[in-house]
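Right, one structure below, let's go through it.
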There are 2 protein chains.
Amino acid sequence: MLLMSTLFLRTLREDPADAEVASHRLLIRAGYIRRAAPGIYTWLPLGLRVLAKVEAIVREEQNIAGAQEVHFPALLPREPYEATGRWTEYGPNLFRLQDRKGSDMLLAPTHEEMFTLLVKDLYGSYKDLPLTIYQIQNKYRDEARPRAGLLRGREFIMKDAYSFNIDDAGLEESYQVQREAYIKTFERLGLDYVIVTATSGAMGGSKSEEFLSPTEIGEDTYVRSPGGYAANVEAVTTPVPPSISIEDAPAAHVEDTPDTPTIDTLVDFANAHHPRKDRPWTAADTLKNVVLALTSPAGERTLLVAGIPGDRDADMTRLEAALAPNLVEPATEEDFTKHPQLVKGYIGPGVLGPQARPEGTEHGDEGDTAIPYLLDPRIVPGTRWITGADKHGHHVFDLTMGRDFTADGTVEGATVRAGDPAPDGSGPLELARGVEIGHIFQLGRKYAEALDLKVLDENGKQVVVTMGSYGIGVTRALALLAENHNDELGLAWPAHVAPYHVHVIATGKDQAVFDKAAEVAQQLEASGIEVCYDDRPKVSPGVKFKDAELIGAPFIVVVGRGLDNGTIEVKTRADGTSQEIPAADAVAHTVGLVQRALAR
Amino acid sequence: MLLMSTLFLRTLREDPADAEVASHRLLIRAGYIRRAAPGIYTWLPLGLRVLAKVEAIVREEQNIAGAQEVHFPALLPREPYEATGRWTEYGPNLFRLQDRKGSDMLLAPTHEEMFTLLVKDLYGSYKDLPLTIYQIQNKYRDEARPRAGLLRGREFIMKDAYSFNIDDAGLEESYQVQREAYIKTFERLGLDYVIVTATSGAMGGSKSEEFLSPTEIGEDTYVRSPGGYAANVEAVTTPVPPSISIEDAPAAHVEDTPDTPTIDTLVDFANAHHPRKDRPWTAADTLKNVVLALTSPAGERTLLVAGIPGDRDADMTRLEAALAPNLVEPATEEDFTKHPQLVKGYIGPGVLGPQARPEGTEHGDEGDTAIPYLLDPRIVPGTRWITGADKHGHHVFDLTMGRDFTADGTVEGATVRAGDPAPDGSGPLELARGVEIGHIFQLGRKYAEALDLKVLDENGKQVVVTMGSYGIGVTRALALLAENHNDELGLAWPAHVAPYHVHVIATGKDQAVFDKAAEVAQQLEASGIEVCYDDRPKVSPGVKFKDAELIGAPFIVVVGRGLDNGTIEVKTRADGTSQEIPAADAVAHTVGLVQRALAR
């Protein structure tokens, strides 16, 4: 039994200054965690109890799914990560260090390489497969902006599982088994989730899905259609419209366009001075050329221009996903100074990509000095555009794709809007925000090839193994539970993850009250209920109530004033309801409440 | 139930090349752990199961002792460790790194600083104390020579507890509570232990004791006396003999001592040419001056000379403990070249310490160019010595301490020998080797002062808190259990820490045998017994027996040939005994064996 008089705890009445979101604020205030460094937290006794329950649910569902638990070191040698390219690709997100002998080491952000090498070490035959192994372990990522407490930390706990199969059909099966285990895990945890198509980022691989928990504070934006399409906004593909014949397109013409600093003023000017015959010009007829600076994981910085219809903005998140593993940022003044051909506000295709390439060179050739140029997928041959004329104060009209300009390829870099069509034709998209709580990947053979993981098949032939990887953010799931279960008084845990089930309070100064409260607490504990008893003799009822509500156990039993009338108060934290129960029935009543709450 | 057909395991018939000790060899061969990097191990499913049981025992005893569990990050900022000096003192044993912003961080070797700061953060009154909090967590030490598998690793699991008290009496009480918890923990684990007085090393503090587990492969040497004295050899103090009057001592005289390259030849020469009147010279009358090079944690290298009776050697372990936190090594040829006053083989006190110090200077003064000189405690005033005359081929005889030379202090640097007297007069010492499995420290106020941990006392006055720290090497304890429980066939775990209790083997090709074995395995599991069933259809009985014996579950149930006669074989792994049990009774019999083994 926990006793408030000795529990290592200090509750805070004030919000910590740096805490933006409810879970961060309340987990600190209620004494579950403490910050040790930016994005790095210490677990106090109450936090550790919740964490153990969350971990247990994750572990049980992995075991039921036939995954076997192992445990890898966090501190690892460079070589395996060098072999797969991730030593470099992870860029500044990787914590790197050297040991006393000068050997490069890292703190693992995920363990694909080590799992691959372990299976290579132990197994050698198709008969050993399929295999899925997992761990629940500390991961390290040197986030540029750790935020929101446990939601984006630099040291955090993850369940990572890896599947090994002889062929793609096997991978698909192992993937589905983990996918089902994730569904059951999040349902048992009581976390809402949406499964969305995702991009693979630094992991590589062919197919991946994210489990997002819908919440306004989420960093991820996702889309859904009425017909069931769901994707992270990073992974949304734009339906490509049919090409248009260029025969009817008027010739391109450069015009003086004074006082048109914005798309709107440009459109107004165009309609006033150079009207279209078929319909008015709209912002969707203008072509914005956005200059981006890419930084490769090795630190090399290059420019790229993305052509985007003027009715949309460049979406840096989508661009970064599309151009991974590069970091992407808007070009700086210095970049423009170095490239005088880029006339700010009037950049057109004329100085970009194929048009600007020295004769006889192609993109990437030596001698190619042109800035690479990628277009939004909507910009198909035959579409005609108002865009920059590469000359201050001038735009070109009716510049026609496929006739007057072309590009080095396409890029998914424009914002996705509510109402955009789903790529699979399943209707208009709606947008929402969520937090990633799980991510499952069909890695395929990337890691097995890089690290030479082969087994003998039935015919005695060496074949490369195909892999999947499956992550759950354990500490993040805990934070989301806190995020979803709180009110203005504090946390309000569901019973299955609460640090304890019942908070017993003795109020007043009467020894009989304390004796009765202690007895109730003991009887509850004897019934298998987890109890915290606030036995502090000189603390006011008000403080005790506030602490109980802040900590957020699902049920609060108050032994106090009512005792004279032979009753004990039993409160339900989440809905604030309260009942006066005859003292003799209080324990049985509370046990029933807890059991029903746990069975839910 | 574990099934051998799917268990992620590969047993090895050959010892790994780099494994010196049985636990390392067998834990690898039986598929419990795998090496990921030098001194860094991956836990496979079997290993993880044993680890969980060892951890559970450690955790339970901590909880019973009233310690509360918390969990700290492994990755920590430099500042707290800078404040206590340990950032530097830990020298190259500390894994240091920088984050993406260039902030210095470390992987914690222990967490005194963080615990101190946490208590400072949460608590402020004497009423909050006493408090003992603990964690079970990964620790990092960049050992120069990781060895013996889990016995000395670079990433390892430790239980570290810290006590906080208002005064010394409270610390003594908290220390005794942890000491008792350690005794119970090691008894439950089934690990022999000796409690010995120890030195505090880089921890600091006033009093510390080690729990050593006696084993020939131990790196620690300890001593015991019949009267109950026990100490790590590093902490043994030498009884100081009474001073002798110098009045009767003959005058010192330098002699030509040709052909005396060793102590023995020198003693023979002395007895032949310059005999003592009272008794023959012995090696104990010669004074060896051993030149040592000290490297401070900051990397500064200085020389020091230790004067040691010639019948003993310099003990580098004792010297390093005495001169902590410096590293100690024998001086090099280069050191001798730089100090021509040191005539190798003939170094005497004349060129050392006070004798060699420029007039008017003291040890450590500016202008003091003499090499510091420390003496074995046996070298008291009035003792007379044969020692080097600082001239090739010459020794000085009857050089008398207190008359002819003195030193800068004493040092415990000579070897301890069996038969030496215990410092407390409790009889002659015997020596043995052991592995440190626990270490408890009365830290006192070192950390609280450095990090300003104060609380208000009863009178409203700020007082510095006094601390203890208490460590158990969890992974090391597991390795020692393996070290103590094995034979030429493999591991032979005691039931309470075995990965599972019963290994069921089906032998032969008869389906009835497999059916019966599966039934027995299921019935055992239904009785609460942990079972591994070797269900592999095409594996020979010989291989199955070898695997079972190598893995080392306490009981092996063989369903095979005997089945025709209605019997099943039940073997006890540790003693190799075996019984044919009527098939109908086999489950009940085995359950009884397991229950008795667990109750032991």
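Numbering starts fresh at 1 for the residues of each chain in the structure tokens, the chains themselves are lettered A, B, ... in the order given, and ligands are numbered from 1 as they appear.
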Residue hits in chain B, query chain A, radius 8 Å, only C-alpha atoms, as a PyMOL selection string: chain B and resi 6-10+36-37+40-45+48+68-73+75-77+92-93+95-100+114+122-123+128+131+142+144+155
I need the chosen residues saved as a CSV table (one decimal), in the first residue's frame, with N, CA and C atoms.
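Contents of selection-v9.csv, freshly written:
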```csv
chain,number,residue,atom,x,y,z
B,6,THR,N,10.4,-23.4,-32.2
B,6,THR,CA,10.3,-22.0,-32.6
B,6,THR,C,11.1,-21.0,-31.7
B,7,LEU,N,11.6,-21.5,-30.6
B,7,LEU,CA,12.3,-20.7,-29.6
B,7,LEU,C,13.5,-20.0,-30.4
B,8,PHE,N,13.7,-18.7,-30.2
B,8,PHE,CA,14.8,-18.0,-30.9
B,8,PHE,C,16.1,-18.4,-30.1
B,9,LEU,N,16.8,-19.4,-30.7
B,9,LEU,CA,17.9,-20.0,-29.9
B,9,LEU,C,18.8,-20.7,-30.9
B,10,ARG,N,20.1,-20.6,-30.7
B,10,ARG,CA,20.9,-21.6,-31.4
B,10,ARG,C,22.0,-21.9,-30.4
B,36,ALA,N,27.6,-7.8,-28.6
B,36,ALA,CA,27.3,-6.8,-29.6
B,36,ALA,C,28.5,-5.9,-29.9
B,37,ALA,N,29.3,-5.7,-28.9
B,37,ALA,CA,30.5,-5.0,-29.0
B,37,ALA,C,31.4,-5.4,-27.8
B,40,ILE,N,29.8,-5.4,-24.3
B,40,ILE,CA,28.4,-5.0,-24.5
B,40,ILE,C,27.6,-6.2,-25.1
B,41,TYR,N,26.5,-6.6,-24.4
B,41,TYR,CA,25.8,-7.8,-24.7
B,41,TYR,C,24.3,-7.6,-25.1
B,42,THR,N,23.9,-8.5,-26.0
B,42,THR,CA,22.5,-8.6,-26.3
B,42,THR,C,21.9,-9.8,-25.5
B,43,TRP,N,20.7,-9.6,-25.0
B,43,TRP,CA,20.0,-10.6,-24.3
B,43,TRP,C,19.0,-11.4,-25.2
B,44,LEU,N,19.2,-12.7,-25.2
B,44,LEU,CA,18.3,-13.5,-26.0
B,44,LEU,C,17.2,-14.0,-25.1
B,45,PRO,N,16.1,-14.6,-25.6
B,45,PRO,CA,14.9,-14.9,-24.8
B,45,PRO,C,15.3,-15.6,-23.5
B,48,LEU,N,16.9,-13.3,-21.0
B,48,LEU,CA,16.0,-12.3,-20.5
B,48,LEU,C,15.1,-12.9,-19.4
B,68,GLN,N,11.9,3.1,-2.4
B,68,GLN,CA,10.9,3.4,-3.4
B,68,GLN,C,11.5,3.4,-4.8
B,69,GLU,N,10.9,2.8,-5.8
B,69,GLU,CA,11.6,2.7,-7.1
B,69,GLU,C,11.3,4.0,-7.9
B,70,VAL,N,12.3,4.5,-8.6
B,70,VAL,CA,12.3,5.5,-9.5
B,70,VAL,C,13.1,5.1,-10.7
B,71,HIS,N,13.2,5.9,-11.7
B,71,HIS,CA,14.0,5.5,-12.9
B,71,HIS,C,14.6,6.8,-13.5
B,72,PHE,N,15.9,6.8,-13.6
B,72,PHE,CA,16.6,8.0,-14.2
B,72,PHE,C,17.1,7.7,-15.6
B,73,PRO,N,17.2,8.8,-16.3
B,73,PRO,CA,17.8,8.6,-17.7
B,73,PRO,C,19.2,8.1,-17.6
B,75,LEU,N,21.3,9.0,-20.2
B,75,LEU,CA,22.0,10.1,-20.8
B,75,LEU,C,21.7,11.4,-20.0
B,76,LEU,N,22.8,12.0,-19.6
B,76,LEU,CA,22.7,13.1,-18.6
B,76,LEU,C,23.5,14.3,-19.0
B,77,PRO,N,23.1,15.4,-18.5
B,77,PRO,CA,24.0,16.6,-18.7
B,77,PRO,C,25.2,16.6,-17.9
B,92,PRO,N,39.0,8.3,-18.1
B,92,PRO,CA,38.5,7.7,-19.4
B,92,PRO,C,37.5,6.6,-19.2
B,93,ASN,N,37.1,6.3,-17.9
B,93,ASN,CA,36.0,5.3,-17.7
B,93,ASN,C,34.6,5.9,-18.0
B,95,PHE,N,31.9,7.5,-20.4
B,95,PHE,CA,31.5,7.8,-21.8
B,95,PHE,C,30.9,9.2,-21.9
B,96,ARG,N,31.6,10.0,-22.6
B,96,ARG,CA,31.2,11.4,-22.8
B,96,ARG,C,30.8,11.7,-24.2
B,97,LEU,N,29.9,12.6,-24.4
B,97,LEU,CA,29.4,12.9,-25.8
B,97,LEU,C,28.9,14.3,-25.8
B,98,GLN,N,28.6,14.8,-27.0
B,98,GLN,CA,28.0,16.2,-27.1
B,98,GLN,C,26.7,16.0,-27.9
B,99,ASP,N,25.7,16.8,-27.5
B,99,ASP,CA,24.5,16.7,-28.3
B,99,ASP,C,24.6,17.7,-29.5
B,100,ARG,N,23.5,17.8,-30.3
B,100,ARG,CA,23.6,18.6,-31.5
B,100,ARG,C,23.9,20.0,-31.3
B,114,MET,N,22.3,12.9,-9.7
B,114,MET,CA,20.9,13.0,-10.1
B,114,MET,C,19.9,12.8,-9.0
B,122,LEU,N,12.4,18.0,-4.9
B,122,LEU,CA,11.1,17.6,-4.3
B,122,LEU,C,10.9,17.9,-2.8
B,123,TYR,N,12.0,17.8,-2.1
B,123,TYR,CA,11.9,17.8,-0.7
B,123,TYR,C,12.6,19.0,0.0
B,128,ASP,N,10.4,15.2,5.7
B,128,ASP,CA,10.3,14.4,4.5
B,128,ASP,C,11.3,13.2,4.6
B,131,LEU,N,14.5,9.0,3.7
B,131,LEU,CA,14.0,8.5,2.4
B,131,LEU,C,15.1,7.6,1.7
B,142,ASP,N,33.3,2.9,-19.4
B,142,ASP,CA,34.2,2.5,-20.5
B,142,ASP,C,35.4,1.9,-20.0
B,144,ALA,N,38.7,-0.2,-19.4
B,144,ALA,CA,39.9,-0.4,-20.2
B,144,ALA,C,40.0,-1.8,-20.7
B,155,GLU,N,28.3,-1.9,-20.7
B,155,GLU,CA,26.9,-1.6,-20.4
B,155,GLU,C,26.4,-2.7,-19.6
```
Could you give me, as a list of chain:residue names, the residues within 6 Å of A:Ala553, counting only C-alpha atoms and dropping anything in the same chain fewer than 2 positions from it?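 Once the nearby chain positions are removed, what remains is A:Trp493, A:Ala498, A:His501, A:Val502, A:Phe555.
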Restricting the output to N, CA and C atoms, write the selected residues as a JSON list (two decimals), in the first residue's frame.
```
[["chain", "number", "residue", "atom", "x", "y", "z"],
["A", 493, "TRP", "N", -7.18, 8.93, -14.57],
["A", 493, "TRP", "CA", -6.77, 7.72, -15.28],
["A", 493, "TRP", "C", -7.89, 6.69, -15.40],
["A", 498, "ALA", "N", -4.04, 3.20, -14.27],
["A", 498, "ALA", "CA", -3.86, 4.12, -13.13],
["A", 498, "ALA", "C", -2.71, 3.63, -12.25],
["A", 501, "HIS", "N", -5.71, 2.01, -7.84],
["A", 501, "HIS", "CA", -7.13, 2.09, -8.16],
["A", 501, "HIS", "C", -7.90, 3.04, -7.25],
["A", 502, "VAL", "N", -7.55, 3.01, -5.98],
["A", 502, "VAL", "CA", -8.37, 3.74, -5.00],
["A", 502, "VAL", "C", -7.48, 4.61, -4.12],
["A", 555, "PHE", "N", -10.91, 6.07, -8.32],
["A", 555, "PHE", "CA", -11.89, 6.16, -7.24],
["A", 555, "PHE", "C", -11.27, 6.76, -5.98]]
```
Identify, on the basis of only C-alpha atoms, every residue whose closest approach to A:Ile246 does not exceed 6 Å; exclude the query and any residue fewer than 2 positions from it along the same chain; express the result as JSON, numbers by chain. {"A": [248, 249, 382]}
With a distance cut-off of 8 Å and only C-alpha atoms, select the neighbouring residues of stretch 163-172 of chain B, excluding the residue or stretch itself and same-chain residues fewer than 6 positions from it, and output the selection as a PDB file with C-alpha atoms, in the first residue's frame.
```pdb
ATOM      1  CA  TYR B 126      13.368  17.133   7.908  1.00  0.00           C
ATOM      2  CA  LEU B 129      13.240  12.241   5.699  1.00  0.00           C
ATOM      3  CA  PRO B 130      14.394   9.520   6.000  1.00  0.00           C
ATOM      4  CA  LEU B 131      14.038   8.544   2.369  1.00  0.00           C
ATOM      5  CA  THR B 132      15.570   5.702   0.370  1.00  0.00           C
ATOM      6  CA  ILE B 133      14.951   5.540  -3.376  1.00  0.00           C
ATOM      7  CA  GLN B 442      28.115   5.941   3.714  1.00  0.00           C
ATOM      8  CA  GLY B 444      28.043  11.488   4.040  1.00  0.00           C
ATOM      9  CA  VAL B 455      16.442  20.752   4.369  1.00  0.00           C
ATOM     10  CA  ASP B 457      15.489  21.001  10.594  1.00  0.00           C
ATOM     11  CA  VAL B 463      21.034  21.613   7.317  1.00  0.00           C
ATOM     12  CA  VAL B 464      22.971  19.623   4.748  1.00  0.00           C
ATOM     13  CA  VAL B 465      21.509  16.162   4.168  1.00  0.00           C
ATOM     14  CA  THR B 466      23.679  13.077   4.658  1.00  0.00           C
ATOM     15  CA  MET B 467      23.558  10.303   2.101  1.00  0.00           C
ATOM     16  CA  GLY B 468      24.303   6.669   1.488  1.00  0.00           C
ATOM     17  CA  SER B 469      24.572   4.822  -1.801  1.00  0.00           C
TER      18      SER B 469
END
```
Using only C-alpha atoms: which of B:Ile371, B:Ser243, B:Gly310, B:Thr199 has the shortest distance to B:Ala293: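 Nearest to B:Ala293: B:Ile371.
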Extract, using only C-alpha atoms, all DNA, RNA and protein residues at most 7 Å from A:Thr415, discarding same-chain residues fewer than 3 positions from it, and format them as a VMD selection string. chain A and resid 312 to 315
Please give the complete set of residues from stretch 449-506 of chain A that DSSP, run on the backbone, assigns to strand (DSSP E or B), formatted as a count of residues only. 23
What does the distance between atom CA of A:Leu287 and atom CA of A:Thr369 come to in Å, to one decimal place?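 Result for atom CA of A:Leu287 versus atom CA of A:Thr369: 22.8 Å, one decimal.
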Skip stretch 512-518 of chain A itself and residues of its chain fewer than 6 positions away, then list as a list in words all residues within 6 Å of it, counting only C-alpha atoms. Ala506, Val559 and Gly560 of chain A
Helix (DSSP H, G or I) call set, DSSP backbone run, stretch 182-288 of chain B, as an mmCIF file with C-alpha atoms, in the first residue's frame:
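Here's the written file selection-v4.cif:
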```
data_model
loop_
_atom_site.group_PDB
_atom_site.id
_atom_site.type_symbol
_atom_site.label_atom_id
_atom_site.label_comp_id
_atom_site.auth_asym_id
_atom_site.auth_seq_id
_atom_site.Cartn_x
_atom_site.Cartn_y
_atom_site.Cartn_z
ATOM 1 C CA TYR B 182 21.523 -7.096 0.662
ATOM 2 C CA ILE B 183 22.023 -10.070 2.929
ATOM 3 C CA LYS B 184 18.470 -11.228 2.221
ATOM 4 C CA THR B 185 18.813 -10.557 -1.502
ATOM 5 C CA PHE B 186 21.984 -12.600 -1.896
ATOM 6 C CA GLU B 187 20.588 -15.363 0.273
ATOM 7 C CA ARG B 188 17.446 -15.542 -1.866
ATOM 8 C CA LEU B 189 19.558 -15.476 -5.004
ATOM 9 C CA GLY B 201 37.251 4.995 -4.751
ATOM 10 C CA ALA B 202 35.720 7.649 -6.977
ATOM 11 C CA MET B 203 32.550 7.659 -4.858
ATOM 12 C CA VAL B 233 42.932 -6.251 0.129
ATOM 13 C CA GLU B 234 42.751 -2.635 -1.075
ATOM 14 C CA ALA B 235 41.401 -1.604 2.314
ATOM 15 C CA ILE B 263 67.144 -8.762 -2.761
ATOM 16 C CA ASP B 264 68.297 -12.333 -2.052
ATOM 17 C CA THR B 265 71.818 -11.754 -3.343
ATOM 18 C CA LEU B 266 71.969 -8.471 -1.430
ATOM 19 C CA VAL B 267 70.945 -10.179 1.815
ATOM 20 C CA ASP B 268 73.520 -12.954 1.289
ATOM 21 C CA PHE B 269 76.189 -10.365 0.567
ATOM 22 C CA ALA B 270 75.264 -8.378 3.666
ATOM 23 C CA ASN B 271 75.370 -11.399 5.935
ATOM 24 C CA ALA B 272 78.721 -12.458 4.451
ATOM 25 C CA HIS B 273 80.465 -9.076 4.506
ATOM 26 C CA ALA B 283 64.914 -9.415 3.146
ATOM 27 C CA ALA B 284 62.654 -7.591 5.606
ATOM 28 C CA ASP B 285 65.653 -5.413 6.524
#
```
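Atom CA of B:Gly542 is positioned 26.6 Å from atom CA of B:Ala597.
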Within 12 Å of A:Pro16, counting only C-alpha atoms, which residues show up once you throw out same-chain ones fewer than 2 positions away? Write them as a PyMOL selection string, please. chain A and resi 11-14+18-31+34-35+148-149
Just the selected residues (N, CA and C atoms), exported as a PDB file, in the first residue's frame, please.
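What landed in part35.pdb:
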```
ATOM      1  N   THR A  11       3.509  17.302  -5.026  1.00  0.00           N
ATOM      2  CA  THR A  11       2.600  17.838  -6.036  1.00  0.00           C
ATOM      3  C   THR A  11       2.803  19.346  -6.113  1.00  0.00           C
ATOM      4  N   LEU A  12       2.565  19.882  -7.299  1.00  0.00           N
ATOM      5  CA  LEU A  12       2.739  21.321  -7.513  1.00  0.00           C
ATOM      6  C   LEU A  12       1.384  21.946  -7.817  1.00  0.00           C
ATOM      7  N   ARG A  13       1.133  23.112  -7.237  1.00  0.00           N
ATOM      8  CA  ARG A  13      -0.131  23.791  -7.510  1.00  0.00           C
ATOM      9  C   ARG A  13      -0.041  24.613  -8.804  1.00  0.00           C
ATOM     10  N   GLU A  14       1.187  24.954  -9.192  1.00  0.00           N
ATOM     11  CA  GLU A  14       1.363  25.803 -10.371  1.00  0.00           C
ATOM     12  C   GLU A  14       1.851  24.968 -11.557  1.00  0.00           C
ATOM     13  N   ASP A  18       7.555  25.649 -18.686  1.00  0.00           N
ATOM     14  CA  ASP A  18       7.880  25.206 -20.042  1.00  0.00           C
ATOM     15  C   ASP A  18       6.879  24.194 -20.594  1.00  0.00           C
ATOM     16  N   ALA A  19       5.791  23.940 -19.871  1.00  0.00           N
ATOM     17  CA  ALA A  19       4.886  22.862 -20.289  1.00  0.00           C
ATOM     18  C   ALA A  19       3.719  23.416 -21.096  1.00  0.00           C
ATOM     19  N   GLU A  20       3.633  23.014 -22.372  1.00  0.00           N
ATOM     20  CA  GLU A  20       2.590  23.555 -23.246  1.00  0.00           C
ATOM     21  C   GLU A  20       1.329  22.703 -23.233  1.00  0.00           C
ATOM     22  N   VAL A  21       1.515  21.390 -23.100  1.00  0.00           N
ATOM     23  CA  VAL A  21       0.349  20.522 -23.271  1.00  0.00           C
ATOM     24  C   VAL A  21      -0.057  19.905 -21.933  1.00  0.00           C
ATOM     25  N   ALA A  22      -1.313  19.462 -21.873  1.00  0.00           N
ATOM     26  CA  ALA A  22      -1.888  19.006 -20.601  1.00  0.00           C
ATOM     27  C   ALA A  22      -1.102  17.851 -19.999  1.00  0.00           C
ATOM     28  N   SER A  23      -0.730  16.870 -20.818  1.00  0.00           N
ATOM     29  CA  SER A  23      -0.054  15.696 -20.264  1.00  0.00           C
ATOM     30  C   SER A  23       1.270  16.105 -19.622  1.00  0.00           C
ATOM     31  N   HIS A  24       2.021  16.939 -20.295  1.00  0.00           N
ATOM     32  CA  HIS A  24       3.306  17.396 -19.778  1.00  0.00           C
ATOM     33  C   HIS A  24       3.093  18.132 -18.450  1.00  0.00           C
ATOM     34  N   ARG A  25       2.173  19.076 -18.473  1.00  0.00           N
ATOM     35  CA  ARG A  25       1.861  19.896 -17.317  1.00  0.00           C
ATOM     36  C   ARG A  25       1.450  19.038 -16.118  1.00  0.00           C
ATOM     37  N   LEU A  26       0.517  18.127 -16.365  1.00  0.00           N
ATOM     38  CA  LEU A  26      -0.067  17.377 -15.248  1.00  0.00           C
ATOM     39  C   LEU A  26       0.841  16.254 -14.767  1.00  0.00           C
ATOM     40  N   LEU A  27       1.569  15.620 -15.670  1.00  0.00           N
ATOM     41  CA  LEU A  27       2.479  14.558 -15.218  1.00  0.00           C
ATOM     42  C   LEU A  27       3.571  15.152 -14.332  1.00  0.00           C
ATOM     43  N   ILE A  28       3.971  16.373 -14.622  1.00  0.00           N
ATOM     44  CA  ILE A  28       4.949  17.045 -13.752  1.00  0.00           C
ATOM     45  C   ILE A  28       4.273  17.487 -12.446  1.00  0.00           C
ATOM     46  N   ARG A  29       3.143  18.166 -12.564  1.00  0.00           N
ATOM     47  CA  ARG A  29       2.483  18.714 -11.366  1.00  0.00           C
ATOM     48  C   ARG A  29       2.062  17.620 -10.391  1.00  0.00           C
ATOM     49  N   ALA A  30       1.597  16.500 -10.930  1.00  0.00           N
ATOM     50  CA  ALA A  30       1.115  15.424 -10.063  1.00  0.00           C
ATOM     51  C   ALA A  30       2.233  14.492  -9.608  1.00  0.00           C
ATOM     52  N   GLY A  31       3.479  14.799 -10.001  1.00  0.00           N
ATOM     53  CA  GLY A  31       4.611  14.035  -9.465  1.00  0.00           C
ATOM     54  C   GLY A  31       4.839  12.686 -10.122  1.00  0.00           C
ATOM     55  N   ARG A  34       9.907  14.046 -13.817  1.00  0.00           N
ATOM     56  CA  ARG A  34      10.645  15.291 -13.649  1.00  0.00           C
ATOM     57  C   ARG A  34      11.636  15.410 -14.806  1.00  0.00           C
ATOM     58  N   ARG A  35      11.862  16.626 -15.240  1.00  0.00           N
ATOM     59  CA  ARG A  35      12.812  16.854 -16.329  1.00  0.00           C
ATOM     60  C   ARG A  35      14.248  16.726 -15.817  1.00  0.00           C
ATOM     61  N   ALA A 148       6.768  19.134 -25.571  1.00  0.00           N
ATOM     62  CA  ALA A 148       5.546  18.519 -25.064  1.00  0.00           C
ATOM     63  C   ALA A 148       5.840  17.345 -24.129  1.00  0.00           C
ATOM     64  N   GLY A 149       6.901  17.463 -23.352  1.00  0.00           N
ATOM     65  CA  GLY A 149       7.187  16.441 -22.348  1.00  0.00           C
ATOM     66  C   GLY A 149       7.529  15.115 -22.984  1.00  0.00           C
TER      67      GLY A 149
END
```
Which residue is closest to B:Asp575? Choose from B:Leu294, B:Leu489, B:Ala588, B:Ala230 and count only C-alpha atoms.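 Of the candidates, the smallest distance to B:Asp575 is held by B:Leu489.
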